[in-house]
file start-v8.txt (compact mmCIF, C-alpha atoms)
# COMPACT_ATOMS: atom_id res chain seq x y z
CA MET A 841 212.84 116.76 94.19
CA THR A 842 211.10 114.81 96.87
CA ILE A 843 208.69 115.19 99.72
CA ASP A 844 209.69 114.92 103.36
CA ALA A 845 208.45 115.78 106.83
CA THR A 846 209.81 119.34 106.62
CA MET A 847 206.97 120.02 104.15
CA VAL A 848 204.29 119.41 106.78
CA GLY A 849 202.34 122.65 107.18
CA ARG A 850 202.63 123.77 103.58
CA SER A 851 199.30 125.13 102.38
CA TYR A 852 197.90 125.30 98.88
CA ALA A 853 194.91 127.48 98.05
CA ALA A 854 192.88 126.73 94.93
CA ALA A 855 193.71 129.34 92.31
CA GLU A 856 190.02 130.11 91.79
CA SER A 857 186.85 129.59 93.79
CA TYR A 858 184.38 126.95 92.63
CA GLN A 859 180.91 128.09 91.60
CA VAL A 860 178.57 125.20 92.36
CA GLY A 861 175.81 124.84 89.77
CA ARG A 862 172.73 122.62 89.94
CA GLU A 863 173.54 120.95 86.60
CA LYS A 864 177.02 120.01 87.84
CA ILE A 865 175.44 118.51 90.95
CA ARG A 866 173.04 116.53 88.78
CA GLU A 867 175.88 115.35 86.52
CA PHE A 868 177.86 114.21 89.55
CA ALA A 869 174.84 112.47 91.12
CA ASP A 870 174.22 110.68 87.79
CA ALA A 871 177.87 109.61 87.61
CA ILE A 872 177.64 107.95 91.03
CA GLY A 873 174.28 106.41 90.10
CA ASP A 874 172.44 108.27 92.86
CA SER A 875 168.86 109.25 92.05
CA ASN A 876 168.12 110.93 95.41
CA PRO A 877 165.72 113.86 94.70
CA ALA A 878 167.70 116.07 97.14
CA TYR A 879 170.41 116.29 94.45
CA ARG A 880 168.08 117.65 91.78
CA GLY A 881 166.36 120.95 91.07
CA ASP A 882 166.77 124.57 92.09
CA ASP A 883 167.32 123.76 95.78
CA ALA A 884 169.72 120.90 95.07
CA ILE A 885 172.34 119.98 97.62
CA ALA A 886 175.40 118.05 96.45
CA PRO A 887 176.05 114.37 97.28
CA PRO A 888 178.42 114.17 100.27
CA THR A 889 181.51 113.08 98.35
CA PHE A 890 181.20 116.02 95.93
CA ALA A 891 183.26 117.82 98.57
CA PHE A 892 186.28 115.95 97.17
CA VAL A 893 185.72 117.52 93.75
CA LEU A 894 185.74 120.98 95.35
CA GLY A 895 189.01 120.16 97.06
CA SER A 896 190.64 118.93 93.87
CA ARG A 897 191.67 122.42 92.76
CA ALA A 898 193.71 122.79 95.94
CA LEU A 899 195.16 119.31 95.42
CA GLU A 900 196.14 120.40 91.92
CA GLN A 901 198.24 123.20 93.44
CA LEU A 902 199.87 120.71 95.81
CA LEU A 903 200.69 118.39 92.90
CA ASN A 904 202.11 121.37 91.00
CA ASP A 905 204.63 122.14 93.75
CA ALA A 906 207.81 121.10 91.90
CA GLU A 907 209.71 120.71 95.18
CA LEU A 908 207.44 117.82 96.15
CA GLY A 909 207.85 116.10 92.78
CA LEU A 910 204.54 114.18 92.96
CA ARG A 911 202.93 112.59 89.91
CA LEU A 912 199.19 111.91 89.69
CA ASP A 913 199.69 108.60 87.88
CA ARG A 914 201.76 107.32 90.83
CA ILE A 915 199.17 108.14 93.46
CA VAL A 916 196.71 105.74 95.07
CA HIS A 917 194.06 107.07 97.47
CA GLY A 918 194.41 105.32 100.84
CA ALA A 919 191.80 106.90 103.10
CA GLN A 920 189.29 109.72 103.06
CA LYS A 921 187.17 111.47 105.64
CA PHE A 922 184.75 114.38 105.57
CA SER A 923 183.27 116.49 108.35
CA TYR A 924 180.34 118.59 107.24
CA THR A 925 179.19 121.87 108.77
CA ARG A 926 176.44 122.11 106.16
CA PRO A 927 175.75 120.54 102.76
CA ILE A 928 177.21 122.09 99.62
CA LYS A 929 174.39 123.55 97.57
CA ALA A 930 173.75 124.99 94.14
CA GLY A 931 174.77 128.65 94.12
CA ASP A 932 177.66 128.26 96.57
CA ASP A 933 180.97 129.89 95.69
CA ILE A 934 183.58 127.77 97.45
CA ALA A 935 187.24 128.35 98.30
CA ALA A 936 189.52 125.39 99.06
CA THR A 937 192.85 125.26 100.89
CA ALA A 938 194.85 122.05 101.29
CA THR A 939 197.47 121.72 104.02
CA ILE A 940 199.97 118.87 104.33
CA THR A 941 199.57 117.35 107.81
CA THR A 942 201.75 114.19 107.76
CA VAL A 943 204.49 112.72 105.56
CA ARG A 944 205.75 109.16 106.15
CA LYS A 945 208.22 107.28 103.97
CA ALA A 946 208.60 103.53 103.46
CA GLY A 947 211.18 102.87 100.75
CA ASP A 948 209.88 104.30 97.47
CA VAL A 949 206.41 104.84 98.88
CA GLU A 950 205.46 108.12 100.51
CA VAL A 951 202.29 108.28 102.57
CA ILE A 952 200.97 111.82 102.67
CA MET A 953 198.05 113.15 104.68
CA TYR A 954 196.52 116.49 103.83
CA GLU A 955 193.54 118.38 105.12
CA THR A 956 191.37 120.51 102.85
CA ALA A 957 189.25 123.30 104.29
CA LEU A 958 186.19 124.22 102.24
CA THR A 959 184.54 127.56 102.98
CA THR A 960 182.39 129.98 101.05
CA VAL A 961 184.35 132.89 99.61
CA ASP A 962 182.80 134.92 102.46
CA GLY A 963 184.45 132.62 104.99
CA GLU A 964 181.48 130.48 106.07
CA PRO A 965 182.80 126.99 106.91
CA ILE A 966 181.28 124.20 104.80
CA ALA A 967 183.34 121.05 105.29
CA THR A 968 186.76 119.68 106.08
CA SER A 969 188.23 116.85 104.03
CA THR A 970 191.08 114.68 105.31
CA SER A 971 192.88 112.60 102.70
CA THR A 972 195.62 109.98 102.84
CA ILE A 973 197.43 109.22 99.59
CA SER A 974 200.31 106.89 98.73
CA HIS A 975 202.80 108.06 96.16
CA ASN A 976 205.09 105.44 94.62
CA ARG A 977 208.38 106.85 93.36
CA ALA A 978 209.79 103.49 92.16
CA ASP A 979 210.65 103.31 88.48
CA ALA A 980 207.97 101.33 86.72
CA MET B 986 163.10 104.63 116.53
CA ILE B 987 166.78 104.29 115.71
CA GLU B 988 168.69 102.05 118.07
CA VAL B 989 171.98 100.22 118.26
CA GLY B 990 171.78 97.20 115.98
CA THR B 991 169.33 98.77 113.49
CA GLU B 992 170.27 97.42 110.07
CA LEU B 993 169.95 99.68 107.02
CA PRO B 994 168.68 98.27 103.71
CA PRO B 995 171.69 96.92 101.77
CA LEU B 996 172.64 98.00 98.26
CA THR B 997 174.54 96.28 95.44
CA VAL B 998 176.22 98.42 92.80
CA THR B 999 177.93 97.27 89.60
CA PHE B 1000 180.86 99.24 88.18
CA ARG B 1001 181.72 98.82 84.50
CA ARG B 1002 184.48 100.59 82.59
CA GLU B 1003 181.87 102.97 81.25
CA ASP B 1004 180.97 103.98 84.83
CA LEU B 1005 184.61 104.76 85.59
CA VAL B 1006 184.87 106.94 82.50
CA ARG B 1007 181.67 108.75 83.47
CA TYR B 1008 182.94 109.27 87.03
CA ALA B 1009 186.30 110.51 85.71
CA GLY B 1010 184.48 113.09 83.61
CA ALA B 1011 182.09 114.24 86.33
CA SER B 1012 184.73 114.40 89.07
CA GLY B 1013 187.68 115.62 87.00
CA ASP B 1014 189.83 112.72 88.29
CA PHE B 1015 191.53 111.47 85.12
CA ASN B 1016 194.19 109.37 86.86
CA PRO B 1017 194.90 106.75 84.12
CA ILE B 1018 194.84 103.83 86.61
CA HIS B 1019 191.04 104.17 86.37
CA TRP B 1020 190.80 103.65 82.61
CA ASN B 1021 194.16 102.49 81.18
CA ASP B 1022 195.30 98.86 81.70
CA ARG B 1023 198.88 99.68 80.77
CA MET B 1024 199.19 102.44 83.36
CA ALA B 1025 197.45 100.36 86.03
CA ALA B 1026 199.92 97.49 85.43
CA ALA B 1027 202.87 99.90 85.55
CA LEU B 1028 201.83 100.83 89.09
CA GLY B 1029 201.65 97.15 90.05
CA LEU B 1030 197.87 97.03 90.20
CA PRO B 1031 196.02 93.84 89.18
CA GLY B 1032 194.10 95.83 86.55
CA VAL B 1033 192.11 99.02 86.07
CA ILE B 1034 190.56 99.89 89.41
CA ALA B 1035 187.48 101.90 90.34
CA HIS B 1036 188.08 105.37 91.77
CA GLY B 1037 188.11 104.99 95.55
CA MET B 1038 185.88 108.06 95.61
CA LEU B 1039 183.30 106.27 93.43
CA THR B 1040 183.21 103.34 95.85
CA MET B 1041 182.98 105.81 98.74
CA ALA B 1042 180.13 107.69 97.02
CA SER B 1043 178.23 104.44 96.48
CA ALA B 1044 178.77 103.21 100.05
CA VAL B 1045 177.21 106.29 101.64
CA ARG B 1046 174.06 105.82 99.57
CA VAL B 1047 173.10 103.09 102.04
CA VAL B 1048 172.98 105.85 104.66
CA THR B 1049 171.58 108.75 102.62
CA ASP B 1050 168.85 106.54 101.03
CA TRP B 1051 167.78 105.63 104.57
CA LEU B 1052 167.80 109.18 105.93
CA ASP B 1053 164.82 111.46 105.26
CA ASP B 1054 167.29 114.19 104.38
CA PRO B 1055 170.88 113.49 103.24
CA ALA B 1056 171.82 116.86 104.80
CA ASP B 1057 171.74 115.07 108.17
CA LEU B 1058 175.08 113.42 107.40
CA VAL B 1059 177.69 115.15 109.58
CA GLU B 1060 180.75 112.93 109.21
CA TYR B 1061 181.82 110.20 106.82
CA GLY B 1062 185.14 108.39 106.47
CA VAL B 1063 186.59 105.25 104.86
CA ARG B 1064 189.86 103.47 104.27
CA PHE B 1065 190.41 102.03 100.80
CA THR B 1066 191.74 98.63 101.85
CA LYS B 1067 191.44 96.61 98.62
CA PRO B 1068 191.18 97.95 95.09
CA VAL B 1069 187.98 97.16 93.17
CA VAL B 1070 189.30 95.75 89.90
CA VAL B 1071 186.95 96.53 87.02
CA PRO B 1072 187.44 94.14 84.08
CA ASP B 1073 187.01 95.29 80.50
CA ASP B 1074 183.82 93.28 79.94
CA ASP B 1075 180.02 93.65 80.17
CA LYS B 1076 179.75 92.21 83.68
CA GLY B 1077 181.99 94.69 85.46
CA ALA B 1078 182.56 94.41 89.23
CA SER B 1079 179.80 94.27 91.82
CA VAL B 1080 180.13 95.64 95.33
CA THR B 1081 177.55 95.00 98.06
CA PHE B 1082 177.16 97.58 100.81
CA SER B 1083 175.47 97.00 104.15
CA ALA B 1084 175.31 99.09 107.29
CA LYS B 1085 174.35 98.89 110.93
CA VAL B 1086 173.85 101.49 113.66
CA ASP B 1087 176.44 100.87 116.35
CA LYS B 1088 176.10 103.91 118.61
CA VAL B 1089 173.28 106.34 119.44
CA GLY B 1090 173.44 109.40 121.68
CA ASP B 1091 173.45 113.21 121.88
CA GLY B 1092 171.19 113.46 118.83
CA LEU B 1093 173.65 111.52 116.69
CA ALA B 1094 173.86 107.96 115.39
CA GLU B 1095 177.08 106.27 114.30
CA ILE B 1096 176.79 103.81 111.46
CA ASP B 1097 179.27 101.12 110.50
CA ILE B 1098 179.33 100.39 106.74
CA THR B 1099 180.61 97.20 105.12
CA ALA B 1100 181.59 96.97 101.44
CA VAL B 1101 182.24 93.55 99.91
CA ALA B 1102 183.38 92.71 96.36
CA GLY B 1103 183.57 88.97 95.71
CA GLU B 1104 184.70 87.65 99.08
CA GLU B 1105 186.78 90.66 100.04
CA LYS B 1106 186.08 93.75 102.07
CA VAL B 1107 187.12 96.69 99.94
CA LEU B 1108 186.60 99.41 102.56
CA GLY B 1109 187.86 99.49 106.12
CA ARG B 1110 186.64 101.61 109.03
CA ALA B 1111 183.80 102.93 106.89
CA ARG B 1112 181.71 105.00 109.26
CA ALA B 1113 179.08 107.67 109.01
CA VAL B 1114 177.72 109.94 111.72
CA VAL B 1115 174.21 111.28 111.21
CA ARG B 1116 171.86 113.60 113.08
CA VAL B 1117 168.78 111.80 114.38
CA ARG B 1118 165.51 113.49 115.30
call {"tool": "encode", "arguments": {"input": "start-v8.txt", "output": "structure tokens"}}
result
Amino acid sequence: MTIDATMVGRSYAAAESYQVGREKIREFADAIGDSNPAYRGDDAIAPPTFAFVLGSRALEQLLNDAELGLRLDRIVHGAQKFSYTRPIKAGDDIAATATITTVRKAGDVEVIMYETALTTVDGEPIATSTSTISHNRADA
Amino acid sequence: MIEVGTELPPLTVTFRREDLVRYAGASGDFNPIHWNDRMAAALGLPGVIAHGMLTMASAVRVVTDWLDDPADLVEYGVRFTKPVVVPDDDKGASVTFSAKVDKVGDGLAEIDITAVAGEEKVLGRARAVVRVR
């Protein structure tokens, strides 16, 4: 199985929504060494790149598509962009859907772009994440 | 007053193996290239590398530390141009981030971020757009 340009447009919704909790935000802020007070307490917002964590459940579905045949340990992250409508905050219940937007091949390396829409479960837009990953299919 | 050319206070961050393990746990990204030398070598990498997302998270601190409210960040993007190799020692790898305002208008400021490890730029086209009041 392999990935090619005919797979552009395939969409993968996270199997479950993500309930954002203030302790998870704190844990993430600690892990990136960021002591900003905005990321702590009852009214905590999440650090900007936490949006990638919320998208990871949709990415998981994409990686589980057997027809694509992608392996996490062969993936290197090439580029990443976020557009924010509003910050993610403690108490949010977030749905994520990843859509493949570009597939380019160069030998064993496949460069895949996908866009992940993050919304509340009620449909309020939160952020859009655009990711470029390289997948190396060469035998190690 | 924010104007073109305004420089933001720089920041130097050190990543050790322990930091990569902590980030893996907090983010759920357990790709072995971020903690296993054998798997990193198998992919042709010079060693275990920091999560690009950890470098990206650190780089934007230059901007969010400078803002009164990090919620004013509206857009942020980077290219991961060079891997940050994190040796299995106590020193780890240091990355220095700096940033400069290069466009102001319509209530927004665009900020160009530079990330350097050793002599090399590890991020390309690292840019943030923020609301200004």
call {"tool": "interface_residues", "arguments": {"input": "start-v8.txt", "of": "chain A", "to": "chain B", "cutoff": "7 Å", "atoms": "all atoms listed in the file", "output": "list of chain:residue names"}}
result
A:Glu867, A:Phe868, A:Ala871, A:Ile872, A:Thr889, A:Val893, A:Leu912, A:Asp913, A:Arg914, A:His917, A:Gly918, A:Ala919, A:Gln920, A:Lys921, A:Phe922, A:Ser923, A:Tyr924, A:Thr925, A:Pro927, A:Ala980
call {"tool": "atom_distance", "arguments": {"input": "start-v8.txt", "atom1": "CA of Arg1116 (chain B)", "atom2": "CA of Phe890 (chain A)"}}
result
19.7 Å
call {"tool": "closest_residue", "arguments": {"input": "start-v8.txt", "among": "A:Met841, A:Ile865, A:Gly909, A:Glu856", "to": "Pro877 (chain A)", "atoms": "only C-alpha atoms"}}
result
A:Ile865
call {"tool": "atom_distance", "arguments": {"input": "start-v8.txt", "atom1": "CA of Ala967 (chain A)", "atom2": "CA of Glu992 (chain B)"}}
result
27.4 Å
call {"tool": "atom_distance", "arguments": {"input": "start-v8.txt", "atom1": "CA of Arg1001 (chain B)", "atom2": "CA of Val1070 (chain B)"}}
result
9.8 Å
call {"tool": "residues_around", "arguments": {"input": "start-v8.txt", "residues": "Ala1084 (chain B)", "least_positions_apart": "6", "cutoff": "9 Å", "atoms": "only C-alpha atoms", "output": "list in words"}}
result
Thr991, Glu992, Leu993, Pro994, Pro995, Val1047, Val1048, Ile1096, Asp1097, Ile1098, Thr1099, Ala1100 and Arg1112 of chain B
call {"tool": "axis_aligned_box", "arguments": {"input": "start-v8.txt", "around": "region 1002-1005 of chain B", "padding_each_side": "4 Å", "output": "AutoDock Vina command-line options"}}
result
--center_x 182.8 --center_y 102.7 --center_z 83.4 --size_x 11.6 --size_y 12.2 --size_z 12.3
call {"tool": "closest_residue", "arguments": {"input": "start-v8.txt", "among": "A:Asp948, A:Glu900, A:Asp932, A:Asp883", "to": "Ala853 (chain A)", "atoms": "all atoms listed in the file"}}
result
A:Glu900
call {"tool": "residues_near_point", "arguments": {"input": "start-v8.txt", "point": "(169.1, 107.5, 118.6)", "cutoff": "7 Å", "atoms": "all atoms listed in the file", "output": "PyMOL selection string"}}
result
chain B and resi 986-988+1089-1090+1092-1094+1117
call {"tool": "closest_residue", "arguments": {"input": "start-v8.txt", "among": "A:Thr956, A:Tyr858, A:Arg911, A:Arg926", "to": "Ala898 (chain A)", "atoms": "all atoms listed in the file"}}
result
A:Thr956
call {"tool": "closest_residue", "arguments": {"input": "start-v8.txt", "among": "A:Glu863, A:Asp962, A:Glu955, A:Asp905", "to": "Ile885 (chain A)", "atoms": "all atoms listed in the file"}}
result
A:Glu863
call {"tool": "closest_residue", "arguments": {"input": "start-v8.txt", "among": "A:Ala878, A:Asp979, A:Pro965, A:Ile973", "to": "Ile952 (chain A)", "atoms": "only C-alpha atoms"}}
result
A:Ile973
